[in-house]
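Next comes target_39.txt, a file with compact mmCIF, C-alpha atoms.
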```
# COMPACT_ATOMS: atom_id res chain seq x y z
CA MET A 16 44.85 66.16 97.87
CA THR A 17 46.81 64.53 100.63
CA ALA A 18 47.15 60.84 101.20
CA PRO A 19 45.30 59.56 104.28
CA LEU A 20 47.29 58.76 107.37
CA ARG A 21 48.05 55.10 107.86
CA SER A 22 46.22 55.16 111.20
CA ALA A 23 43.21 57.07 109.97
CA PRO A 24 39.93 55.15 110.06
CA ARG A 25 38.20 54.38 106.83
CA VAL A 26 35.74 57.10 105.93
CA ALA A 27 32.49 55.91 104.49
CA ASN A 28 30.91 57.77 101.63
CA PRO A 29 27.98 60.07 102.46
CA VAL A 30 24.57 58.46 102.43
CA ALA A 31 22.79 61.82 102.23
CA ARG A 32 23.49 65.28 100.93
CA LEU A 33 22.16 68.57 102.27
CA ASP A 34 22.39 71.98 100.66
CA ILE A 35 22.02 74.86 103.12
CA ARG A 36 23.65 77.50 100.94
CA ASP A 37 20.44 79.52 100.74
CA LEU A 38 19.47 79.27 104.40
CA ALA A 39 20.16 81.55 107.35
CA CYS A 40 20.55 80.86 111.05
CA PRO A 41 18.83 79.11 112.80
CA LEU A 42 17.57 77.06 109.87
CA THR A 43 21.10 76.18 108.80
CA TRP A 44 21.64 74.09 111.91
CA VAL A 45 17.99 73.01 112.18
CA ARG A 46 18.09 71.46 108.71
CA THR A 47 21.49 69.90 109.42
CA SER A 48 20.30 68.47 112.72
CA VAL A 49 17.15 67.01 111.15
CA ALA A 50 19.18 65.52 108.29
CA LEU A 51 21.58 63.92 110.77
CA GLY A 52 18.58 62.47 112.59
CA ARG A 53 17.40 60.84 109.38
CA ILE A 54 20.56 58.76 108.93
CA ARG A 55 21.87 56.00 111.15
CA PRO A 56 24.62 56.42 113.73
CA GLY A 57 28.00 56.27 112.01
CA GLU A 58 26.64 57.18 108.60
CA VAL A 59 27.88 60.29 106.86
CA LEU A 60 26.01 63.39 105.78
CA GLU A 61 27.50 65.77 103.23
CA VAL A 62 26.59 69.41 103.78
CA LEU A 63 27.16 72.25 101.34
CA LEU A 64 27.43 75.51 103.22
CA ARG A 65 28.63 79.06 102.76
CA GLU A 66 31.44 80.95 104.42
CA GLY A 67 30.55 83.19 107.31
CA GLU A 68 27.97 82.19 109.89
CA PRO A 69 27.29 78.67 108.52
CA LEU A 70 30.96 77.78 108.24
CA GLU A 71 31.60 79.11 111.74
CA ASN A 72 28.60 77.51 113.40
CA ILE A 73 27.72 74.24 111.69
CA PRO A 74 30.97 72.32 112.30
CA ARG A 75 31.29 73.76 115.82
CA THR A 76 27.72 72.94 116.78
CA ALA A 77 27.94 69.49 115.22
CA ALA A 78 31.05 68.76 117.27
CA GLU A 79 29.42 70.12 120.43
CA GLU A 80 26.50 67.77 119.84
CA GLY A 81 28.83 64.79 119.57
CA HIS A 82 28.93 64.31 115.81
CA LEU A 83 32.22 63.76 114.01
CA ILE A 84 33.64 66.20 111.47
CA LEU A 85 35.24 63.91 108.94
CA ARG A 86 36.03 66.43 106.27
CA LEU A 87 35.81 70.20 105.85
CA GLU A 88 37.06 71.59 102.56
CA ARG A 89 36.35 74.19 99.94
CA ALA A 90 33.97 73.15 97.21
CA PRO A 91 34.98 75.38 94.30
CA GLY A 92 32.77 73.53 91.89
CA GLU A 93 29.70 74.49 93.95
CA GLY A 94 30.25 78.24 93.81
CA GLU A 95 32.36 80.96 95.35
CA GLY A 96 32.73 80.77 99.11
CA VAL A 97 31.10 77.36 99.30
CA TRP A 98 32.43 74.61 101.56
CA ARG A 99 31.72 70.93 101.88
CA ALA A 100 31.46 69.25 105.28
CA TRP A 101 31.21 65.53 105.94
CA LEU A 102 29.53 64.84 109.26
CA ALA A 103 29.22 61.40 110.80
CA ARG A 104 26.19 60.97 113.04
CA ARG A 105 26.89 60.31 116.70
CA ALA A 106 25.87 57.13 118.48
CA ARG A 107 22.39 57.10 119.98
CA GLU A 108 23.70 56.81 123.52
CA GLU A 109 25.40 60.17 123.10
CA GLU A 110 22.14 61.92 122.35
CA GLY A 111 21.01 64.34 125.00
CA ARG A 112 17.74 64.26 126.83
CA TRP A 113 15.49 66.83 128.32
CA PRO A 114 15.70 66.88 132.09
CA MET B 13 6.13 60.36 108.02
CA ALA B 14 8.97 62.85 108.02
CA LEU B 15 8.31 66.49 108.80
CA SER B 16 7.55 68.77 105.88
CA GLU B 17 9.66 71.82 105.11
CA ALA B 18 6.87 74.00 106.52
CA GLU B 19 6.83 72.00 109.74
CA ILE B 20 10.61 72.12 110.09
CA GLY B 21 10.50 75.88 109.66
CA ARG B 22 7.62 76.33 112.07
CA PHE B 23 9.04 74.17 114.85
CA ALA B 24 12.71 74.89 114.14
CA ARG B 25 13.74 75.93 117.63
CA GLN B 26 11.83 73.13 119.31
CA VAL B 27 13.19 70.41 117.03
CA LEU B 28 16.68 71.32 118.25
CA LEU B 29 15.90 70.63 121.90
CA PRO B 30 17.84 67.63 123.21
CA GLY B 31 15.75 64.52 123.28
CA LEU B 32 13.02 65.91 121.05
CA GLY B 33 14.32 66.09 117.50
CA GLU B 34 12.30 65.18 114.44
CA GLU B 35 11.01 61.94 115.96
CA GLY B 36 9.60 63.72 118.99
CA GLN B 37 8.01 66.35 116.77
CA GLU B 38 6.43 63.60 114.69
CA ARG B 39 5.00 62.06 117.86
CA LEU B 40 3.53 65.44 118.76
CA ARG B 41 1.95 65.69 115.33
CA ALA B 42 0.41 62.24 115.81
CA ALA B 43 -0.90 63.10 119.29
CA ARG B 44 -4.64 63.50 119.82
CA VAL B 45 -5.24 65.52 122.95
CA ARG B 46 -8.61 65.97 124.58
CA VAL B 47 -8.73 69.28 126.41
CA ALA B 48 -11.51 68.85 128.92
CA GLY B 49 -13.26 71.48 130.99
CA GLY B 50 -13.68 75.18 130.56
CA GLY B 51 -11.34 76.33 133.29
CA PRO B 52 -9.38 79.56 132.99
CA GLY B 53 -6.19 77.70 132.05
CA THR B 54 -7.75 76.22 128.92
CA ALA B 55 -7.16 79.08 126.49
CA PRO B 56 -3.43 79.57 127.09
CA ALA B 57 -2.90 75.81 127.23
CA LEU B 58 -4.64 75.35 123.88
CA LEU B 59 -2.56 78.02 122.21
CA TYR B 60 0.70 76.59 123.52
CA LEU B 61 -0.26 73.03 122.57
CA ALA B 62 -1.00 74.24 119.04
CA ALA B 63 2.21 76.26 118.93
CA ALA B 64 4.18 73.18 119.99
CA GLY B 65 2.80 71.16 117.08
CA VAL B 66 0.28 68.85 118.73
CA GLY B 67 -1.58 67.50 115.72
CA THR B 68 -5.13 67.14 117.01
CA LEU B 69 -6.93 69.00 119.77
CA TRP B 70 -10.43 68.04 120.83
CA ILE B 71 -11.96 70.73 122.95
CA ASP B 72 -14.53 69.36 125.37
CA ASP B 73 -16.32 72.28 127.01
CA PRO B 74 -20.10 72.34 127.43
CA ASP B 75 -20.44 76.03 128.31
CA ALA B 76 -20.85 79.21 126.31
CA VAL B 77 -18.38 82.10 126.12
CA ALA B 78 -18.98 84.46 129.03
CA PRO B 79 -18.06 88.17 129.07
CA GLY B 80 -15.17 87.50 131.46
CA ASP B 81 -13.66 84.93 129.08
CA GLY B 82 -12.25 87.79 127.01
CA ALA B 83 -9.35 87.75 129.41
CA GLY B 84 -8.77 84.16 128.33
CA PHE B 85 -6.76 85.23 125.30
CA MET B 86 -8.79 83.74 122.49
CA PHE B 87 -12.29 85.18 122.69
CA ASP B 88 -13.56 88.47 121.39
CA THR B 89 -16.58 90.22 122.87
CA SER B 90 -18.48 89.17 119.75
CA ASP B 91 -17.99 85.54 120.82
CA VAL B 92 -20.05 85.97 123.99
CA GLY B 93 -22.88 83.46 124.02
CA ARG B 94 -21.36 81.15 121.41
CA PRO B 95 -20.39 77.59 122.36
CA ARG B 96 -16.97 78.02 123.91
CA ALA B 97 -15.56 74.82 122.40
CA VAL B 98 -16.52 75.93 118.90
CA ALA B 99 -15.11 79.43 119.35
CA ALA B 100 -11.93 78.03 120.89
CA ALA B 101 -11.45 75.58 118.03
CA GLU B 102 -11.76 78.41 115.52
CA ALA B 103 -9.23 80.49 117.45
CA VAL B 104 -6.76 77.61 117.61
CA ARG B 105 -7.05 76.92 113.89
CA ALA B 106 -6.50 80.61 113.22
CA ALA B 107 -3.33 80.49 115.31
CA SER B 108 -1.88 77.50 113.47
CA GLY B 109 -2.75 75.91 110.17
CA LEU B 110 -0.89 72.78 111.23
CA VAL B 111 -3.34 71.71 113.92
CA GLN B 112 -6.73 70.05 113.68
CA ALA B 113 -8.90 71.57 116.38
CA ASP B 114 -12.53 70.67 116.87
CA VAL B 115 -15.13 69.55 119.35
CA PRO B 116 -14.91 65.83 120.18
CA ARG B 117 -16.63 63.57 117.68
CA PRO B 118 -18.32 60.28 118.60
CA GLY B 119 -15.74 57.53 118.81
CA ALA B 120 -12.83 59.96 119.10
CA LYS B 121 -9.92 58.23 120.83
CA PRO B 122 -7.45 60.63 122.42
CA THR B 123 -3.89 59.66 123.26
CA ALA B 124 -3.65 62.11 126.18
CA VAL B 125 -5.88 64.44 128.15
CA LEU B 126 -5.40 67.94 129.49
CA VAL B 127 -7.81 68.54 132.33
CA SER B 128 -8.64 72.18 132.85
CA ALA B 129 -11.81 72.40 134.88
CA PRO B 130 -13.15 75.31 136.91
CA THR B 131 -13.08 73.35 140.18
CA GLN B 132 -10.99 70.63 141.77
CA GLU B 133 -14.12 68.51 142.13
CA VAL B 134 -14.71 68.47 138.37
CA SER B 135 -10.99 67.97 137.76
CA ARG B 136 -11.04 64.87 139.96
CA ALA B 137 -13.87 63.34 137.97
CA VAL B 138 -12.31 64.05 134.56
CA ALA B 139 -8.85 62.97 135.67
CA GLU B 140 -10.22 59.71 137.05
CA GLU B 141 -11.96 59.05 133.75
CA ALA B 142 -8.64 59.52 131.93
CA ARG B 143 -6.82 57.30 134.42
CA LEU B 144 -9.30 54.48 134.01
CA LEU B 145 -8.77 54.64 130.26
CA GLY B 146 -5.02 54.39 130.79
CA LEU B 147 -4.42 57.82 129.23
CA PRO B 148 -1.59 60.07 130.41
CA HIS B 149 -3.01 63.35 131.61
CA VAL B 150 -2.09 66.71 133.02
CA VAL B 151 -4.37 68.68 135.32
CA VAL B 152 -4.17 72.46 135.53
CA GLU B 153 -5.68 74.55 138.31
CA VAL B 154 -5.60 78.33 138.26
CA ASP B 155 -5.56 79.93 141.68
CA GLY B 156 -5.08 83.68 141.96
CA GLN B 157 -1.77 84.71 140.42
CA GLY B 158 -0.61 81.14 140.03
CA GLY B 159 -1.98 77.68 140.55
CA ALA B 160 -0.89 74.11 140.11
CA VAL B 161 -0.10 71.58 137.42
CA THR B 162 -0.30 67.86 138.16
CA VAL B 163 1.35 65.43 135.77
CA VAL B 164 -0.09 61.91 135.71
CA PRO B 165 1.67 59.57 133.27
CA ALA B 166 -0.04 56.21 132.75
CA GLY B 167 0.37 54.16 135.92
CA ALA B 168 1.51 57.08 138.09
CA PRO B 169 -0.21 58.12 141.33
CA CYS B 170 -3.56 59.65 140.42
CA TYR B 171 -4.64 63.27 140.64
CA ALA B 172 -6.70 62.60 143.74
CA CYS B 173 -3.55 61.34 145.47
CA ALA B 174 -1.64 64.48 144.51
CA VAL B 175 -4.10 67.34 144.85
CA ARG B 176 -4.00 69.77 147.74
CA PRO B 177 -6.47 72.54 148.53
CA GLY B 178 -5.43 75.83 147.00
CA LEU B 179 -6.02 79.36 148.21
CA GLY B 180 -9.32 79.50 146.39
CA ALA B 181 -8.41 82.92 145.02
CA GLU B 182 -10.11 84.38 141.97
CA PRO B 183 -8.16 83.38 138.87
CA THR B 184 -6.19 86.15 137.16
CA PRO B 185 -5.23 86.22 133.46
CA ALA B 186 -1.54 86.15 134.42
CA GLY B 187 -2.09 83.16 136.66
CA ALA B 188 -3.98 81.39 133.90
CA ALA B 189 -1.19 82.13 131.41
CA THR B 190 1.48 80.89 133.82
CA VAL B 191 0.03 77.54 134.72
CA GLY B 192 -1.78 77.04 131.41
CA ALA B 193 1.51 77.32 129.54
CA LEU B 194 3.24 75.11 132.08
CA ALA B 195 0.53 72.47 131.71
CA ALA B 196 0.94 72.58 127.94
CA LEU B 197 4.68 72.07 128.30
CA GLU B 198 4.21 69.09 130.61
CA LEU B 199 1.74 67.53 128.19
CA VAL B 200 4.13 68.12 125.30
CA LEU B 201 6.86 66.28 127.22
CA LEU B 202 4.53 63.33 127.72
CA ALA B 203 3.18 63.30 124.16
CA ALA B 204 6.61 63.67 122.58
CA GLY B 205 7.97 60.76 124.61
CA VAL B 206 10.90 62.84 125.80
CA ALA B 207 11.26 61.11 129.15
CA GLU B 208 12.06 57.40 129.07
CA GLU B 209 10.14 56.80 132.28
CA PRO B 210 7.89 59.79 132.96
CA ARG B 211 6.95 60.17 136.60
CA GLY B 212 4.09 61.84 138.35
CA ARG B 213 4.74 65.25 139.79
CA ARG B 214 2.93 68.35 140.93
CA VAL B 215 4.14 71.89 140.39
CA GLU B 216 2.57 74.59 142.52
CA VAL B 217 3.21 78.18 141.49
CA PHE B 218 2.72 81.01 143.95
CA ARG B 219 3.60 84.55 142.85
CA GLY B 220 5.91 83.24 140.17
CA THR B 221 7.77 80.83 142.42
CA PRO B 222 7.34 77.16 141.54
CA LEU B 223 7.50 74.37 144.09
CA THR B 224 7.80 70.92 142.53
CA ARG B 225 7.36 67.59 144.25
CA ALA B 226 7.04 64.01 143.09
CA THR B 227 3.57 62.64 143.64
CA ALA B 228 3.00 59.64 145.89
CA ARG B 229 0.18 57.16 146.03
CA GLN B 230 -2.10 57.57 149.03
CA PRO B 231 -2.57 54.39 151.07
CA GLY B 232 -5.62 52.51 149.95
CA CYS B 233 -6.19 54.54 146.78
CA ALA B 234 -7.82 52.59 143.98
CA CYS B 235 -5.18 53.84 141.55
CA ALA B 236 -2.79 51.24 142.93
CA ALA B 237 -4.85 48.65 141.06
CA GLY B 238 -3.92 50.20 137.73
CA ALA B 239 -6.04 51.27 134.80
CA VAL B 240 -8.52 49.56 132.58
CA PRO B 241 -6.62 49.44 129.29
CA ALA B 242 -7.94 51.75 126.59
CA THR B 243 -9.59 49.92 123.73
```
As structure tokens, how would this structure be written, given the file I've shared?
Amino acid sequence: MTAPLRSAPRVANPVARLDIRDLACPLTWVRTSVALGRIRPGEVLEVLLREGEPLENIPRTAAEEGHLILRLERAPGEGEGVWRAWLARRAREEEGRWP
Amino acid sequence: MALSEAEIGRFARQVLLPGLGEEGQERLRAARVRVAGGGPGTAPALLYLAAAGVGTLWIDDPDAVAPGDGAGFMFDTSDVGRPRAVAAAEAVRAASGLVQADVPRPGAKPTAVLVSAPTQEVSRAVAEEARLLGLPHVVVEVDGQGGAVTVVPAGAPCYACAVRPGLGAEPTPAGAATVGALAALELVLLAAGVAEEPRGRRVEVFRGTPLTRATARQPGCACAAGAVPAT
């Protein structure tokens, strides 16, 4: 474990936890998106996900949607090939709208 | 109330659309839509409203299923002669277990109206009734291979201000599917509260090509006076 940079912002603990290890696309992102919608802007969601499609798509899509990836690390205690992502919900004004 | 796992799975793709999300889907579930008139666009519109997750559909249609209604997607030949609203409600419930579909009950208070009447004259009357109640409404007209969809959010220029004579062509199943689905989409946008300030517009579809224009109030139209608030 590395020490945080002096300039790094304080990272709040997750307020919710989501396990998508048993889900496949598109439900992996659907469940993540819904879970992010259930917390307040700036709050943190912890997501347990598997290597492969979820690990490739969830952090990328979350970033594309304006959420912050605070942490992405292996979670050996949760099983082989399992990762833990901490996602901070974007501000409301960054949410898209239908035309 | 948050969406259930079954609802999240059913509406997964839609929930991801920008501006909709779980809150918009919850608003759709809470919506009570009166679908008025037995026009050819009714059947496809009903199926798409149910597929989108509108929670309650009241089907207001006084006529019986006719042999030609088989092309309307939801009636079998064995339904001919049955009350069309009853047969349509059964078909909608069969398509989705997440929707309550029925004929209107006394005292039923819709939150929006989809007007799908066989003629523009009937559409005018039903749309005006919705406007006076302050209910957002969408009017669908099938005309040959296309037709028109008029969107009337509360306070917008009324249907009578927006309507134009069509070709008067015999409705085709493809035309009904095209504008019926489009009308359902427009109603979903209104019911889900996707647009912050929804505006009136009319989409006319001719041979697959849509022409969209914002509606404008006609000088002297009574709709300028606003609606009588729904009670």
Contacts of chain B with chain A up to 6 Å, shortest pair per row, all atoms listed in the file, as JSON lines:
```
{"residue": "B:Ala24", "atom": "CA", "partner": "A:Val45", "partner_atom": "CA", "distance": 5.9}
{"residue": "B:Pro30", "atom": "CA", "partner": "A:Gly111", "partner_atom": "CA", "distance": 4.9}
{"residue": "B:Gly31", "atom": "CA", "partner": "A:Arg112", "partner_atom": "CA", "distance": 4.1}
```
Take the selection from the previous step and output its residues with C-alpha atoms, as a compact mmCIF listing (two decimals), keeping the file's coordinate frame.
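Result went into again.txt, see below:
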```
# COMPACT_ATOMS: atom_id res chain seq x y z
CA ALA B 24 12.71 74.89 114.14
CA PRO B 30 17.84 67.63 123.21
CA GLY B 31 15.75 64.52 123.28
```
Counting all atoms listed in the file, the residue of B:Pro118, B:Gly205, B:Pro177, B:Gly65 that sits nearest B:Gly159: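 Nearest candidate to B:Gly159 out of B:Pro118, B:Gly205, B:Pro177, B:Gly65: B:Pro177.
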Interatomic distance (Å, one decimal) between atom CA of B:Ala103 and atom CA of B:Leu69: 11.9 Å
Computed interatomic separation between atom CA of B:Gly167 and atom CA of B:Leu199 (Å): 15.5 Å
Interatomic distance (Å, one decimal) between atom CA of A:Thr43 and atom CA of A:Gly94: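 So the answer is 17.7 Å.
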Residue nearest B:Ala193 among B:Val111, B:Val154, B:Val134, B:Ile20 (counting all atoms listed in the file):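 Among B:Val111, B:Val154, B:Val134, B:Ile20, it is B:Val154 that comes nearest to B:Ala193.
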Proximity to B:Ala189 - best of B:Ser135, B:Ser108, B:Gln37, B:Gln157, all atoms listed in the file: B:Gln157
Residue neighbourhood B:Gly180, 12 Å, all atoms listed in the file, exclusion window fewer than 6 positions, as a PyMOL selection string: chain B and resi 130-132+153-160
List as a PDB file with C-alpha atoms, keeping the file's coordinate frame the protein and nucleic acid residues near A:Arg36, meaning an atom at most 7 Å away when all atoms listed in the file are counted, but skip any in the same chain fewer than 6 places from it.
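Listed below is the output, result-v8.pdb:
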```
ATOM      1  CA  LEU A  63      27.160  72.250 101.340  1.00  0.00           C
ATOM      2  CA  LEU A  64      27.430  75.510 103.220  1.00  0.00           C
ATOM      3  CA  ARG A  65      28.630  79.060 102.760  1.00  0.00           C
TER       4      ARG A  65
END
```
Residue nearest B:Gly33 among B:Ala14, B:Leu147, B:Ala78, B:Ala139 (counting all atoms listed in the file):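 Looking at the shortest contact to B:Gly33, the residue is B:Ala14.
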What lies within 9 Å of B:Asp72 using all atoms listed in the file, ignoring chain neighbours under 3 positions off, as a PDB file with C-alpha atoms, in the frame of the given file?
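Full text of result12.pdb as output:
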```
ATOM      1  CA  ARG B  46      -8.610  65.970 124.580  1.00  0.00           C
ATOM      2  CA  VAL B  47      -8.730  69.280 126.410  1.00  0.00           C
ATOM      3  CA  ALA B  48     -11.510  68.850 128.920  1.00  0.00           C
ATOM      4  CA  GLY B  49     -13.260  71.480 130.990  1.00  0.00           C
ATOM      5  CA  GLY B  50     -13.680  75.180 130.560  1.00  0.00           C
ATOM      6  CA  ALA B  97     -15.560  74.820 122.400  1.00  0.00           C
ATOM      7  CA  ASP B 114     -12.530  70.670 116.870  1.00  0.00           C
ATOM      8  CA  VAL B 115     -15.130  69.550 119.350  1.00  0.00           C
ATOM      9  CA  PRO B 116     -14.910  65.830 120.180  1.00  0.00           C
TER      10      PRO B 116
END
```
Residues near A:Cys40, cut-off 12 Å, all atoms listed in the file, skip fewer than 6 positions along chain, as number ranges by chain: A: 46-47, 64-65, 67-73; B: 21, 24-25
Best match for closeness to A:Ala78 among A:Val97, A:Leu60, A:Ala39, A:Leu102, counting all atoms listed in the file: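 Of A:Val97, A:Leu60, A:Ala39, A:Leu102, the one nearest A:Ala78, counting all atoms listed in the file, is A:Leu102.
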Counting all atoms listed in the file, the residue of A:Pro29, A:Leu83, A:Thr76, A:Leu38 that sits nearest A:Val59: A:Pro29
